[in-house]
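K.L.:
Have a look at this one.
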Amino acid sequence: MPFYNFEVRTPTHVMLTEGAELADSTAARVEAAKRTGQLLTEHAGELWVDQEWQMDVTNAEGLILYMLQISAFRSAAVDQTR
């Protein structure tokens, strides 16, 4: 089975890298969505730091196959002290 890496990064650093053997690229996309959902659930309070998160799915050679991008920003209408 092919090996896929899942990296979560922000503009300043890589936060998490994990890999898995999966049946195919469709399974890798589904796994990326599940992992992103789990990270959003577990770190919901940390998401609101006004920057983008990205999950890269790479093959065993490190070639990026898929990317999920998550952006969370407060609008100017929100009191920035909260």
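Each chain of the structure tokens is named A, B, ... in the order shown, its residues numbered from 1; ligands are numbered from 1 in display order.
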If you run DSSP on the backbone, which residues of chain A are strand (DSSP E or B), as a VMD selection string?

P.N.:
chain A and resid 3 to 9 14 to 21 51 to 59 64 to 72

K.L.:
Extract, using only C-alpha atoms, all DNA, RNA and protein residues at most 12 Å from Thr36 in chain A, discarding same-chain residues fewer than 3 positions from it, and format them as JSON, numbers by chain.

P.N.:
{"A": [6, 7, 8, 9, 16, 29, 30, 31, 32, 33, 39, 40, 41, 42, 43, 44, 47, 53, 54, 55, 56, 57, 67, 68, 69, 70]}

K.L.:
Report, in Å with one decimal, the straight-line distance from CA of Ala28 in chain A to CA of Glu46 in chain A.

P.N.:
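Separation of CA of Ala28 in chain A and CA of Glu46 in chain A: 25.3 Å.
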
K.L.:
Could you state the separation of CA of Thr26 in chain A and CA of Glu61 in chain A in Å, given to one decimal place?

P.N.:
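These atoms are spaced 17.9 Å apart.
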
K.L.:
How far is it from CA of Tyr4 in chain A to CA of Ala72 in chain A, in Å with one decimal?

P.N.:
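About the pair CA of Tyr4 in chain A and CA of Ala72 in chain A: they are 26.6 Å apart.
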
K.L.:
Run DSSP on the backbone and tell me which residues of chain A come out as alpha helix (DSSP H); list them as an MDAnalysis selection string.

P.N.:
chainID A and resid 25:42
